[in-house]
Structures are given as structure tokens and as C-alpha cells.
>>> print(open('work10.csv').read())   # CSV, N, CA and C atoms
chain,number,residue,atom,x,y,z
J,2,MET,N,-12.0,217.6,56.0
J,2,MET,CA,-12.7,217.4,57.2
J,2,MET,C,-12.2,218.3,58.3
J,3,GLY,N,-13.1,218.7,59.2
J,3,GLY,CA,-12.6,219.5,60.3
J,3,GLY,C,-13.8,220.0,61.1
J,4,THR,N,-13.4,220.5,62.3
J,4,THR,CA,-14.4,221.1,63.2
J,4,THR,C,-14.1,222.6,63.2
J,5,PHE,N,-15.1,223.4,62.9
J,5,PHE,CA,-14.9,224.8,63.1
J,5,PHE,C,-15.8,225.4,64.0
J,6,ALA,N,-16.6,224.6,64.7
J,6,ALA,CA,-17.5,225.1,65.7
J,6,ALA,C,-17.8,224.1,66.8
J,7,SER,N,-17.9,224.5,68.0
J,7,SER,CA,-18.2,223.6,69.1
J,7,SER,C,-19.1,224.3,70.1
J,8,CYS,N,-20.2,223.6,70.4
J,8,CYS,CA,-21.2,224.2,71.3
J,8,CYS,C,-20.9,223.8,72.8
J,9,GLY,N,-21.1,224.7,73.7
J,9,GLY,CA,-20.9,224.2,75.1
J,9,GLY,C,-20.9,225.3,76.1
J,10,PHE,N,-21.3,226.5,75.7
J,10,PHE,CA,-21.2,227.6,76.7
J,10,PHE,C,-22.5,228.3,76.8
J,11,ARG,N,-23.1,228.3,78.0
J,11,ARG,CA,-24.4,229.0,78.2
J,11,ARG,C,-24.1,230.5,78.0
J,12,PRO,N,-25.1,231.2,77.4
J,12,PRO,CA,-24.9,232.6,77.4
J,12,PRO,C,-24.7,233.2,78.8
J,13,GLY,N,-23.7,234.1,78.9
J,13,GLY,CA,-23.4,234.7,80.2
J,13,GLY,C,-22.3,233.9,81.0
J,14,SER,N,-22.0,232.7,80.5
J,14,SER,CA,-21.0,231.9,81.3
J,14,SER,C,-19.6,232.5,81.0
J,15,ARG,N,-18.7,232.4,82.0
J,15,ARG,CA,-17.4,233.0,81.8
J,15,ARG,C,-16.6,232.1,80.9
J,16,ARG,N,-15.6,232.7,80.3
J,16,ARG,CA,-14.6,231.9,79.5
J,16,ARG,C,-13.7,231.2,80.4
J,17,TRP,N,-13.1,230.1,80.0
J,17,TRP,CA,-12.2,229.3,80.8
J,17,TRP,C,-10.8,229.9,80.8
J,18,ARG,N,-10.1,229.6,81.9
J,18,ARG,CA,-8.7,229.9,82.0
J,18,ARG,C,-7.9,228.7,81.8
J,19,SER,N,-8.3,227.6,82.3
J,19,SER,CA,-7.7,226.3,82.1
J,19,SER,C,-8.7,225.2,82.4
J,20,ALA,N,-8.4,224.0,81.9
J,20,ALA,CA,-9.4,222.9,82.2
J,20,ALA,C,-9.5,222.6,83.7
J,21,ASP,N,-8.5,223.0,84.5
J,21,ASP,CA,-8.5,222.7,85.9
J,21,ASP,C,-9.3,223.6,86.7
J,22,ASP,N,-9.7,224.8,86.2
J,22,ASP,CA,-10.4,225.8,87.1
J,22,ASP,C,-11.8,226.1,86.7
J,23,TRP,N,-12.3,225.3,85.8
J,23,TRP,CA,-13.7,225.7,85.3
J,23,TRP,C,-14.5,224.4,85.2
J,24,ASP,N,-15.7,224.4,85.8
J,24,ASP,CA,-16.6,223.3,85.7
J,24,ASP,C,-17.8,223.9,84.9
J,25,PRO,N,-17.9,223.5,83.6
J,25,PRO,CA,-18.9,224.1,82.7
J,25,PRO,C,-20.3,223.6,83.1
J,26,PRO,N,-21.2,224.5,82.9
J,26,PRO,CA,-22.6,224.2,83.2
J,26,PRO,C,-23.1,223.1,82.2
J,27,SER,N,-24.1,222.4,82.6
J,27,SER,CA,-24.7,221.4,81.8
J,27,SER,C,-25.6,222.0,80.7
J,28,LEU,N,-25.6,221.4,79.5
J,28,LEU,CA,-26.5,221.7,78.5
J,28,LEU,C,-27.8,220.9,78.6
J,29,GLY,N,-27.8,219.9,79.4
J,29,GLY,CA,-28.9,219.0,79.6
J,29,GLY,C,-28.4,217.6,79.6
J,30,THR,N,-29.3,216.6,79.7
J,30,THR,CA,-28.9,215.2,79.7
J,30,THR,C,-28.8,214.7,78.2
J,31,GLY,N,-28.1,213.6,78.1
J,31,GLY,CA,-28.0,213.0,76.8
J,31,GLY,C,-29.3,212.9,76.0
J,32,ARG,N,-30.3,212.4,76.7
J,32,ARG,CA,-31.7,212.3,76.1
J,32,ARG,C,-32.2,213.7,75.7
J,33,GLU,N,-32.0,214.7,76.5
J,33,GLU,CA,-32.5,216.1,76.2
J,33,GLU,C,-31.7,216.6,75.0
J,34,ILE,N,-30.4,216.4,75.0
J,34,ILE,CA,-29.6,216.9,73.9
J,34,ILE,C,-30.0,216.3,72.5
J,35,ARG,N,-30.2,214.9,72.5
J,35,ARG,CA,-30.6,214.2,71.3
J,35,ARG,C,-32.0,214.7,70.9
J,36,ALA,N,-32.9,214.9,71.8
J,36,ALA,CA,-34.3,215.4,71.5
J,36,ALA,C,-34.2,216.8,70.9
J,37,ALA,N,-33.4,217.6,71.4
J,37,ALA,CA,-33.2,219.0,70.9
J,37,ALA,C,-32.6,218.9,69.5
J,38,LEU,N,-31.6,218.1,69.3
J,38,LEU,CA,-31.1,218.0,67.9
J,38,LEU,C,-32.1,217.4,66.9
J,39,ASP,N,-32.9,216.4,67.4
J,39,ASP,CA,-33.9,215.8,66.5
J,39,ASP,C,-34.9,216.9,66.0
J,40,ALA,N,-35.2,217.9,66.9
J,40,ALA,CA,-36.1,218.9,66.6
J,40,ALA,C,-35.5,220.2,66.0
J,41,CYS,N,-34.2,220.1,65.8
J,41,CYS,CA,-33.4,221.3,65.4
J,41,CYS,C,-33.5,221.6,63.9
J,42,PRO,N,-33.7,222.9,63.6
J,42,PRO,CA,-33.4,223.2,62.3
J,42,PRO,C,-31.8,223.1,62.2
J,43,PRO,N,-31.2,222.6,61.3
J,43,PRO,CA,-31.6,222.2,60.0
J,43,PRO,C,-32.2,220.8,59.9
J,44,GLY,N,-32.6,220.1,60.9
J,44,GLY,CA,-33.2,218.8,60.8
J,44,GLY,C,-32.2,217.7,60.9
J,45,ILE,N,-31.4,217.7,61.9
J,45,ILE,CA,-30.4,216.7,62.2
J,45,ILE,C,-31.1,215.4,62.5
J,46,ILE,N,-30.6,214.3,61.9
J,46,ILE,CA,-31.1,213.0,62.2
J,46,ILE,C,-30.2,212.3,63.2
J,47,CYS,N,-30.7,211.9,64.4
J,47,CYS,CA,-29.9,211.2,65.4
J,47,CYS,C,-30.1,209.7,65.3
J,48,THR,N,-29.0,209.0,65.2
J,48,THR,CA,-29.1,207.5,65.1
J,48,THR,C,-29.0,206.9,66.5
J,49,GLU,N,-29.2,205.6,66.6
J,49,GLU,CA,-29.2,204.9,67.8
J,49,GLU,C,-27.8,204.9,68.4
J,50,ASP,N,-26.7,205.0,67.6
J,50,ASP,CA,-25.4,205.0,68.1
J,50,ASP,C,-24.9,206.3,68.6
J,51,GLY,N,-25.8,207.3,68.7
J,51,GLY,CA,-25.5,208.6,69.3
J,51,GLY,C,-25.0,209.7,68.3
J,52,TRP,N,-24.9,209.4,67.1
J,52,TRP,CA,-24.5,210.4,66.1
J,52,TRP,C,-25.6,211.1,65.5
J,53,GLY,N,-25.5,212.4,65.4
J,53,GLY,CA,-26.5,213.3,64.7
J,53,GLY,C,-25.8,213.7,63.4
J,54,ASP,N,-26.6,213.5,62.3
J,54,ASP,CA,-26.0,213.8,60.9
J,54,ASP,C,-27.0,214.7,60.2
J,55,TYR,N,-26.4,215.6,59.4
J,55,TYR,CA,-27.2,216.5,58.5
J,55,TYR,C,-26.4,216.7,57.2
J,56,GLU,N,-27.1,216.7,56.1
J,56,GLU,CA,-26.6,217.0,54.8
J,56,GLU,C,-27.1,218.3,54.3
J,57,GLY,N,-26.3,219.3,54.2
J,57,GLY,CA,-26.7,220.6,53.7
J,57,GLY,C,-26.2,221.0,52.3
J,58,PRO,N,-26.5,222.1,51.8
J,58,PRO,CA,-26.0,222.5,50.5
J,58,PRO,C,-24.5,222.8,50.6
J,59,GLY,N,-23.7,221.9,50.1
J,59,GLY,CA,-22.2,222.0,50.0
J,59,GLY,C,-21.5,221.6,51.3
J,60,PHE,N,-22.2,221.1,52.3
J,60,PHE,CA,-21.5,220.6,53.5
J,60,PHE,C,-22.4,219.5,54.2
J,61,SER,N,-21.7,218.9,55.1
J,61,SER,CA,-22.4,217.9,56.0
J,61,SER,C,-22.0,218.3,57.4
J,62,LEU,N,-22.8,218.0,58.3
J,62,LEU,CA,-22.6,218.3,59.8
J,62,LEU,C,-22.8,217.0,60.5
J,63,SER,N,-21.9,216.6,61.4
J,63,SER,CA,-22.1,215.5,62.3
J,63,SER,C,-21.8,215.9,63.7
J,64,THR,N,-22.5,215.3,64.6
J,64,THR,CA,-22.2,215.6,66.0
J,64,THR,C,-22.5,214.3,66.8
J,65,PRO,N,-21.4,213.9,67.6
J,65,PRO,CA,-21.6,212.7,68.4
J,65,PRO,C,-22.2,213.1,69.8
J,66,VAL,N,-23.3,212.5,70.2
J,66,VAL,CA,-23.8,212.7,71.5
J,66,VAL,C,-24.1,211.3,72.1
J,67,LYS,N,-23.0,210.7,72.6
J,67,LYS,CA,-23.1,209.3,73.0
J,67,LYS,C,-23.3,209.1,74.5
J,68,GLU,N,-23.5,210.2,75.2
J,68,GLU,CA,-23.7,210.1,76.7
J,68,GLU,C,-25.0,209.3,76.9
J,69,ALA,N,-25.0,208.7,78.1
J,69,ALA,CA,-26.2,207.9,78.5
J,69,ALA,C,-27.4,208.9,78.6
J,70,ASP,N,-28.6,208.4,78.5
J,70,ASP,CA,-29.8,209.2,78.5
J,70,ASP,C,-29.9,210.1,79.7
J,71,ASP,N,-29.4,209.7,80.9
J,71,ASP,CA,-29.5,210.5,82.1
J,71,ASP,C,-28.2,211.2,82.5
J,72,ALA,N,-27.2,211.0,81.6
J,72,ALA,CA,-25.9,211.7,81.9
J,72,ALA,C,-25.9,213.2,81.5
J,73,LEU,N,-25.3,214.0,82.3
J,73,LEU,CA,-25.3,215.4,82.0
J,73,LEU,C,-24.2,215.7,80.9
J,74,VAL,N,-24.6,216.5,79.9
J,74,VAL,CA,-23.7,216.9,78.8
J,74,VAL,C,-23.3,218.3,78.9
J,75,THR,N,-22.0,218.6,78.9
J,75,THR,CA,-21.5,219.9,79.1
J,75,THR,C,-21.0,220.5,77.8
J,76,GLY,N,-20.9,219.8,76.7
J,76,GLY,CA,-20.5,220.3,75.4
J,76,GLY,C,-20.8,219.4,74.3
J,77,VAL,N,-21.0,219.9,73.1
J,77,VAL,CA,-21.3,219.2,71.9
J,77,VAL,C,-20.4,219.6,70.8
J,78,GLY,N,-19.7,218.7,70.3
J,78,GLY,CA,-18.8,219.0,69.1
J,78,GLY,C,-19.5,218.9,67.8
J,79,LEU,N,-19.2,219.7,66.9
J,79,LEU,CA,-19.8,219.7,65.6
J,79,LEU,C,-18.6,219.5,64.6
J,80,VAL,N,-18.7,218.4,63.8
J,80,VAL,CA,-17.8,218.1,62.7
J,80,VAL,C,-18.4,218.5,61.4
J,81,ILE,N,-17.8,219.4,60.7
J,81,ILE,CA,-18.3,220.0,59.5
J,81,ILE,C,-17.4,219.6,58.3
J,82,HIS,N,-18.0,218.9,57.3
J,82,HIS,CA,-17.2,218.6,56.1
J,82,HIS,C,-17.7,219.5,55.0
J,83,GLY,N,-16.9,220.0,54.2
J,83,GLY,CA,-17.3,221.0,53.2
J,83,GLY,C,-17.2,222.4,53.8
J,84,GLY,N,-18.1,223.2,53.4
J,84,GLY,CA,-18.1,224.5,54.0
J,84,GLY,C,-19.0,225.5,53.4
J,85,GLY,N,-18.7,226.7,53.6
J,85,GLY,CA,-19.5,227.9,53.1
J,85,GLY,C,-20.3,228.5,54.3
J,86,GLU,N,-20.8,229.6,54.0
J,86,GLU,CA,-21.5,230.3,55.1
J,86,GLU,C,-22.7,229.5,55.6
J,87,ALA,N,-23.4,228.7,54.7
J,87,ALA,CA,-24.5,227.9,55.2
J,87,ALA,C,-24.1,226.9,56.3
J,88,ALA,N,-22.9,226.4,56.3
J,88,ALA,CA,-22.4,225.5,57.3
J,88,ALA,C,-22.3,226.3,58.7
J,89,ALA,N,-21.8,227.5,58.6
J,89,ALA,CA,-21.7,228.3,59.9
J,89,ALA,C,-23.1,228.6,60.4
J,90,HIS,N,-24.1,228.8,59.5
J,90,HIS,CA,-25.4,229.1,60.0
J,90,HIS,C,-26.1,227.8,60.6
J,91,ALA,N,-25.7,226.7,60.0
J,91,ALA,CA,-26.2,225.4,60.6
J,91,ALA,C,-25.7,225.2,62.0
J,92,ALA,N,-24.4,225.5,62.2
J,92,ALA,CA,-23.8,225.4,63.5
J,92,ALA,C,-24.5,226.4,64.5
J,93,LEU,N,-24.8,227.6,64.0
J,93,LEU,CA,-25.5,228.5,64.8
J,93,LEU,C,-26.9,228.0,65.2
J,94,ALA,N,-27.6,227.4,64.3
J,94,ALA,CA,-28.9,226.8,64.5
J,94,ALA,C,-28.9,225.8,65.7
J,95,VAL,N,-27.8,224.9,65.6
J,95,VAL,CA,-27.6,223.9,66.7
J,95,VAL,C,-27.4,224.6,68.0
J,96,SER,N,-26.5,225.6,68.0
J,96,SER,CA,-26.2,226.3,69.3
J,96,SER,C,-27.4,227.0,69.8
J,97,ASP,N,-28.2,227.6,69.0
J,97,ASP,CA,-29.4,228.3,69.4
J,97,ASP,C,-30.4,227.3,70.0
J,98,ARG,N,-30.5,226.2,69.4
J,98,ARG,CA,-31.4,225.1,69.9
J,98,ARG,C,-31.0,224.6,71.2
J,99,LEU,N,-29.7,224.6,71.5
J,99,LEU,CA,-29.2,224.1,72.7
J,99,LEU,C,-29.0,225.2,73.8
J,100,ASN,N,-29.4,226.4,73.4
J,100,ASN,CA,-29.3,227.6,74.3
J,100,ASN,C,-27.8,227.7,74.7
J,101,ALA,N,-26.9,227.6,73.8
J,101,ALA,CA,-25.5,227.6,74.0
J,101,ALA,C,-24.8,228.6,73.0
J,102,ARG,N,-23.5,228.8,73.2
J,102,ARG,CA,-22.8,229.5,72.2
J,102,ARG,C,-21.8,228.6,71.5
J,103,ALA,N,-21.5,228.9,70.3
J,103,ALA,CA,-20.6,228.1,69.5
J,103,ALA,C,-19.2,228.8,69.5
J,104,VAL,N,-18.2,228.0,69.8
J,104,VAL,CA,-16.8,228.5,69.7
J,104,VAL,C,-16.4,228.4,68.2
J,105,ALA,N,-15.9,229.5,67.7
J,105,ALA,CA,-15.3,229.4,66.3
J,105,ALA,C,-13.9,229.0,66.4
J,106,THR,N,-13.5,227.8,66.1
J,106,THR,CA,-12.2,227.3,66.4
J,106,THR,C,-11.1,227.9,65.5
J,107,GLY,N,-11.5,228.6,64.5
J,107,GLY,CA,-10.5,229.3,63.7
J,107,GLY,C,-10.1,230.7,64.2
J,108,THR,N,-10.8,231.1,65.3
J,108,THR,CA,-10.6,232.4,65.9
J,108,THR,C,-10.5,232.2,67.4
J,109,ASP,N,-10.4,233.3,68.1
J,109,ASP,CA,-10.4,233.2,69.6
J,109,ASP,C,-11.7,233.6,70.2
J,110,GLY,N,-12.8,233.6,69.4
J,110,GLY,CA,-14.1,234.0,69.9
J,110,GLY,C,-15.2,233.1,69.6
J,111,PHE,N,-16.4,233.6,69.8
J,111,PHE,CA,-17.6,232.8,69.6
J,111,PHE,C,-18.2,233.1,68.2
J,112,LEU,N,-18.8,232.1,67.7
J,112,LEU,CA,-19.4,232.2,66.3
J,112,LEU,C,-20.7,233.0,66.5
J,113,THR,N,-20.9,233.9,65.6
J,113,THR,CA,-22.1,234.7,65.5
J,113,THR,C,-22.5,234.8,64.1
J,114,ALA,N,-23.7,235.3,63.8
J,114,ALA,CA,-24.2,235.5,62.5
J,114,ALA,C,-23.3,236.5,61.8
J,115,ASP,N,-22.9,237.5,62.5
J,115,ASP,CA,-22.0,238.5,61.9
J,115,ASP,C,-20.6,238.0,61.6
J,116,SER,N,-20.1,237.1,62.4
J,116,SER,CA,-18.7,236.6,62.2
J,116,SER,C,-18.6,235.3,61.4
J,117,ALA,N,-19.8,234.8,61.0
J,117,ALA,CA,-19.8,233.4,60.3
J,117,ALA,C,-18.8,233.4,59.1
J,118,ARG,N,-18.9,234.4,58.2
J,118,ARG,CA,-18.0,234.3,57.0
J,118,ARG,C,-16.5,234.4,57.4
J,119,SER,N,-16.2,235.4,58.3
J,119,SER,CA,-14.8,235.5,58.7
J,119,SER,C,-14.3,234.4,59.5
J,120,ALA,N,-15.1,233.8,60.4
J,120,ALA,CA,-14.7,232.6,61.2
J,120,ALA,C,-14.4,231.4,60.3
J,121,PHE,N,-15.3,231.2,59.3
J,121,PHE,CA,-15.0,230.1,58.4
J,121,PHE,C,-13.8,230.3,57.5
J,122,GLY,N,-13.6,231.6,57.1
J,122,GLY,CA,-12.4,231.9,56.4
J,122,GLY,C,-11.1,231.7,57.2
J,123,ALA,N,-11.1,232.1,58.5
J,123,ALA,CA,-10.0,231.9,59.3
J,123,ALA,C,-9.7,230.4,59.6
J,124,TRP,N,-10.8,229.6,59.8
J,124,TRP,CA,-10.6,228.2,59.9
J,124,TRP,C,-10.0,227.5,58.7
J,125,ARG,N,-10.6,227.9,57.5
J,125,ARG,CA,-10.1,227.4,56.2
J,125,ARG,C,-8.7,227.7,56.0
J,126,ALA,N,-8.2,228.9,56.3
J,126,ALA,CA,-6.8,229.3,56.1
J,126,ALA,C,-5.9,228.5,57.0
J,127,TYR,N,-6.4,228.2,58.3
J,127,TYR,CA,-5.6,227.4,59.2
J,127,TYR,C,-5.5,226.0,58.6
J,128,ARG,N,-6.6,225.4,58.2
J,128,ARG,CA,-6.7,224.1,57.6
J,128,ARG,C,-5.7,224.0,56.4
J,129,ASP,N,-5.7,225.0,55.5
J,129,ASP,CA,-4.9,224.9,54.3
J,129,ASP,C,-3.4,225.0,54.7
J,130,ARG,N,-3.0,225.7,55.7
J,130,ARG,CA,-1.6,225.8,56.2
J,130,ARG,C,-1.2,224.4,56.7
J,131,ILE,N,-2.1,223.7,57.5
J,131,ILE,CA,-1.8,222.4,58.0
J,131,ILE,C,-1.6,221.4,56.9
J,132,VAL,N,-2.6,221.4,56.0
J,132,VAL,CA,-2.6,220.4,54.9
J,132,VAL,C,-1.4,220.6,54.0
J,133,SER,N,-0.9,221.8,53.8
J,133,SER,CA,0.2,222.1,52.9
J,133,SER,C,1.5,221.8,53.6
J,134,GLY,N,1.5,221.6,54.9
J,134,GLY,CA,2.7,221.3,55.6
J,134,GLY,C,3.4,222.6,56.1
J,135,GLY,N,2.8,223.7,56.0
J,135,GLY,CA,3.4,225.0,56.4
J,135,GLY,C,3.3,225.2,57.9
J,136,GLU,N,2.6,224.4,58.6
J,136,GLU,CA,2.4,224.7,60.1
J,136,GLU,C,2.0,223.3,60.7
J,137,THR,N,2.4,223.1,61.9
J,137,THR,CA,1.9,221.9,62.6
J,137,THR,C,0.8,222.2,63.5
J,138,ALA,N,-0.1,221.3,63.7
J,138,ALA,CA,-1.3,221.5,64.5
J,138,ALA,C,-1.0,221.7,66.0
>>> encode(input="work10.csv", output="C-alpha cells")
Amino acid sequence: MGTFASCGFRPGSRRWRSADDWDPPSLGTGREIRAALDACPPGIICTEDGWGDYEGPGFSLSTPVKEADDALVTGVGLVIHGGGEAAAHAALAVSDRLNARAVATGTDGFLTADSARSAFGAWRAYRDRIVSGGETA
């Protein structure tokens, strides 16, 4: 289990220096985000408890959007179980639908179609080091 992508940056927004000096722009309200996810390829199913779930070929994707209907949402986390390039492309579909950029947590950059394979490989290598006890989180 792990997250290798997180959406929450509008195209053109600056990167943060610290949590204290950056007020991220809103992606929309809780209601708008859940509606976007419901209509999103790859067809995420949002439940009443605020979770969006999708089962893909060799992976599953979950995203909690538990904010109130009228609350502004500044970021959406994606939890991906399994993997492969299809998982990265599903994360990109979500970020495209939200008009956001996805952070590739295995690297220091944003996830793109061109970086999907290398970003997933970097995340998987990090995960394997942690699981084997070779590095602490």
C-alpha cells in the first residue's frame, strides 16, 4: 500500500517553500470535487462516507474527500494499491479532471505522462527500501 501521487496544485501555481508561507488555491468545494470524481475517467465511485474508489488492471485507487459539501478543498490524496503504469495514468486522469497537477511522491517533481514509468519506479524503490528495513521513513 502507498501513495505515489497527490493532487492539489493548479497549473501555474508556485511550489511551496514551507507550510507556513503558502496558502494553496482551492480545487473547489467538497461537493464539486466529489462530482468531478464521479464523472472522472477511470470512473471512480464515490460513497456517502466521502471515499472514492476505483479498481483498475493490477491496481486500485482510493481517495478520501470528506470535506463538507460547501467546504473548500485545497488538495486530494490518492492512495494506490498495486501498481504499474496504468495506475500512474489513472492518477493523471484524476488530476486532469480536477484541473490540478499531481505530485509524484517518489521524486521531487510533478507526475506527467512522460514521467509516469520513472515516477512509479522511484516510488517502488523507496517503498522496497522501507519495507526491507534499509531506510526509515
>>> residues_around(input="work10.csv", residues="Ile34 (chain J)", least_positions_apart="6", cutoff="8 Å", atoms="all atoms listed in the file", output="VMD selection string")
chain J and resid 28 40 66 70 74 99
>>> atom_distance(input="work10.csv", atom1="CA of Gly85 (chain J)", atom2="CA of Ser116 (chain J)")
12.6 Å
>>> closest_residue(input="work10.csv", among="J:Glu49, J:Tyr55, J:Ser61, J:Thr75", to="Thr30 (chain J)", atoms="all atoms listed in the file")
J:Thr75
>>> residues_around(input="work10.csv", residues="Arg32 (chain J)", least_positions_apart="5", cutoff="8 Å", atoms="all atoms listed in the file", output="list in words")
Ala37, Leu38, Val66, Glu68, Ala69, Asp70, Asp71, Ala72, Leu73 and Val74 of chain J
>>> closest_residue(input="work10.csv", among="J:Ala101, J:Val95, J:Ala89, J:Ile131", to="Ala117 (chain J)", atoms="only C-alpha atoms")
J:Ala89
>>> atom_distance(input="work10.csv", atom1="CA of Ile81 (chain J)", atom2="CA of Ala103 (chain J)")
13.1 Å
>>> residues_near_point(input="work10.csv", point="(-24.2, 228.9, 64.9)", cutoff="8 Å", atoms="only N, CA and C atoms", output="PyMOL selection string")
chain J and resi 6+88-97+102-104+112-114+117
>>> atom_distance(input="work10.csv", atom1="CA of Arg118 (chain J)", atom2="atom C of Gly84 (chain J)")
9.6 Å
>>> residues_around(input="work10.csv", residues="Gly44 (chain J)", least_positions_apart="2", cutoff="8 Å", atoms="only N, CA and C atoms", output="list in words")
Leu38, Asp39, Ala40, Cys41, Pro42, Ile46, Cys47, Gly53, Asp54, Tyr55 and Glu56 of chain J
>>> residues_near_point(input="work10.csv", point="(-16.5, 219.5, 55.8)", cutoff="7 Å", atoms="all atoms listed in the file", output="list in words")
Met2, Gly3, Phe60, Ser61, Leu62, Val80, Ile81, His82, Gly83 and Gly84 of chain J
>>> closest_residue(input="work10.csv", among="J:Phe121, J:Arg35, J:Arg98, J:Glu86", to="Pro65 (chain J)", atoms="only C-alpha atoms")
J:Arg35
>>> select_by_dssp(input="work10.csv", residues="region 22-118 of chain J", states="alpha helix (DSSP H)", output="list of chain:residue names")
J:Gly31, J:Arg32, J:Glu33, J:Ile34, J:Arg35, J:Ala36, J:Ala37, J:Leu38, J:Asp39, J:Glu86, J:Ala87, J:Ala88, J:Ala89, J:His90, J:Ala91, J:Ala92, J:Leu93, J:Ala94, J:Val95, J:Ser96, J:Asp97, J:Arg98, J:Ala117, J:Arg118
>>> closest_residue(input="work10.csv", among="J:Ala36, J:Ala105, J:Leu79, J:Ala87", to="Trp124 (chain J)", atoms="only C-alpha atoms")
J:Ala105
>>> select_by_dssp(input="work10.csv", residues="region 6-135 of chain J", states="strand (DSSP E or B)", output="short mmCIF file (atom, residue, chain, number, x, y, z; two decimals) with N, CA and C atoms, in the coordinates of the input")
data_model
loop_
_atom_site.label_atom_id
_atom_site.label_comp_id
_atom_site.auth_asym_id
_atom_site.auth_seq_id
_atom_site.Cartn_x
_atom_site.Cartn_y
_atom_site.Cartn_z
N ALA J 6 -16.60 224.60 64.70
CA ALA J 6 -17.50 225.10 65.70
C ALA J 6 -17.80 224.10 66.80
N SER J 7 -17.90 224.50 68.00
CA SER J 7 -18.20 223.60 69.10
C SER J 7 -19.10 224.30 70.10
N CYS J 8 -20.20 223.60 70.40
CA CYS J 8 -21.20 224.20 71.30
C CYS J 8 -20.90 223.80 72.80
N GLY J 9 -21.10 224.70 73.70
CA GLY J 9 -20.90 224.20 75.10
C GLY J 9 -20.90 225.30 76.10
N PHE J 10 -21.30 226.50 75.70
CA PHE J 10 -21.20 227.60 76.70
C PHE J 10 -22.50 228.30 76.80
N GLY J 29 -27.80 219.90 79.40
CA GLY J 29 -28.90 219.00 79.60
C GLY J 29 -28.40 217.60 79.60
N THR J 30 -29.30 216.60 79.70
CA THR J 30 -28.90 215.20 79.70
C THR J 30 -28.80 214.70 78.20
N ILE J 46 -30.60 214.30 61.90
CA ILE J 46 -31.10 213.00 62.20
C ILE J 46 -30.20 212.30 63.20
N CYS J 47 -30.70 211.90 64.40
CA CYS J 47 -29.90 211.20 65.40
C CYS J 47 -30.10 209.70 65.30
N TRP J 52 -24.90 209.40 67.10
CA TRP J 52 -24.50 210.40 66.10
C TRP J 52 -25.60 211.10 65.50
N GLY J 53 -25.50 212.40 65.40
CA GLY J 53 -26.50 213.30 64.70
C GLY J 53 -25.80 213.70 63.40
N ASP J 54 -26.60 213.50 62.30
CA ASP J 54 -26.00 213.80 60.90
C ASP J 54 -27.00 214.70 60.20
N TYR J 55 -26.40 215.60 59.40
CA TYR J 55 -27.20 216.50 58.50
C TYR J 55 -26.40 216.70 57.20
N GLU J 56 -27.10 216.70 56.10
CA GLU J 56 -26.60 217.00 54.80
C GLU J 56 -27.10 218.30 54.30
N GLY J 57 -26.30 219.30 54.20
CA GLY J 57 -26.70 220.60 53.70
C GLY J 57 -26.20 221.00 52.30
N PHE J 60 -22.20 221.10 52.30
CA PHE J 60 -21.50 220.60 53.50
C PHE J 60 -22.40 219.50 54.20
N SER J 61 -21.70 218.90 55.10
CA SER J 61 -22.40 217.90 56.00
C SER J 61 -22.00 218.30 57.40
N LEU J 62 -22.80 218.00 58.30
CA LEU J 62 -22.60 218.30 59.80
C LEU J 62 -22.80 217.00 60.50
N SER J 63 -21.90 216.60 61.40
CA SER J 63 -22.10 215.50 62.30
C SER J 63 -21.80 215.90 63.70
N THR J 64 -22.50 215.30 64.60
CA THR J 64 -22.20 215.60 66.00
C THR J 64 -22.50 214.30 66.80
N PRO J 65 -21.40 213.90 67.60
CA PRO J 65 -21.60 212.70 68.40
C PRO J 65 -22.20 213.10 69.80
N LEU J 73 -25.30 214.00 82.30
CA LEU J 73 -25.30 215.40 82.00
C LEU J 73 -24.20 215.70 80.90
N VAL J 74 -24.60 216.50 79.90
CA VAL J 74 -23.70 216.90 78.80
C VAL J 74 -23.30 218.30 78.90
N VAL J 77 -21.00 219.90 73.10
CA VAL J 77 -21.30 219.20 71.90
C VAL J 77 -20.40 219.60 70.80
N GLY J 78 -19.70 218.70 70.30
CA GLY J 78 -18.80 219.00 69.10
C GLY J 78 -19.50 218.90 67.80
N LEU J 79 -19.20 219.70 66.90
CA LEU J 79 -19.80 219.70 65.60
C LEU J 79 -18.60 219.50 64.60
N VAL J 80 -18.70 218.40 63.80
CA VAL J 80 -17.80 218.10 62.70
C VAL J 80 -18.40 218.50 61.40
N ILE J 81 -17.80 219.40 60.70
CA ILE J 81 -18.30 220.00 59.50
C ILE J 81 -17.40 219.60 58.30
N HIS J 82 -18.00 218.90 57.30
CA HIS J 82 -17.20 218.60 56.10
C HIS J 82 -17.70 219.50 55.00
N GLY J 83 -16.90 220.00 54.20
CA GLY J 83 -17.30 221.00 53.20
C GLY J 83 -17.20 222.40 53.80
N ARG J 102 -23.50 228.80 73.20
CA ARG J 102 -22.80 229.50 72.20
C ARG J 102 -21.80 228.60 71.50
N ALA J 103 -21.50 228.90 70.30
CA ALA J 103 -20.60 228.10 69.50
C ALA J 103 -19.20 228.80 69.50
N VAL J 104 -18.20 228.00 69.80
CA VAL J 104 -16.80 228.50 69.70
C VAL J 104 -16.40 228.40 68.20
N ALA J 105 -15.90 229.50 67.70
CA ALA J 105 -15.30 229.40 66.30
C ALA J 105 -13.90 229.00 66.40
N PHE J 111 -16.40 233.60 69.80
CA PHE J 111 -17.60 232.80 69.60
C PHE J 111 -18.20 233.10 68.20
N LEU J 112 -18.80 232.10 67.70
CA LEU J 112 -19.40 232.20 66.30
C LEU J 112 -20.70 233.00 66.50
#
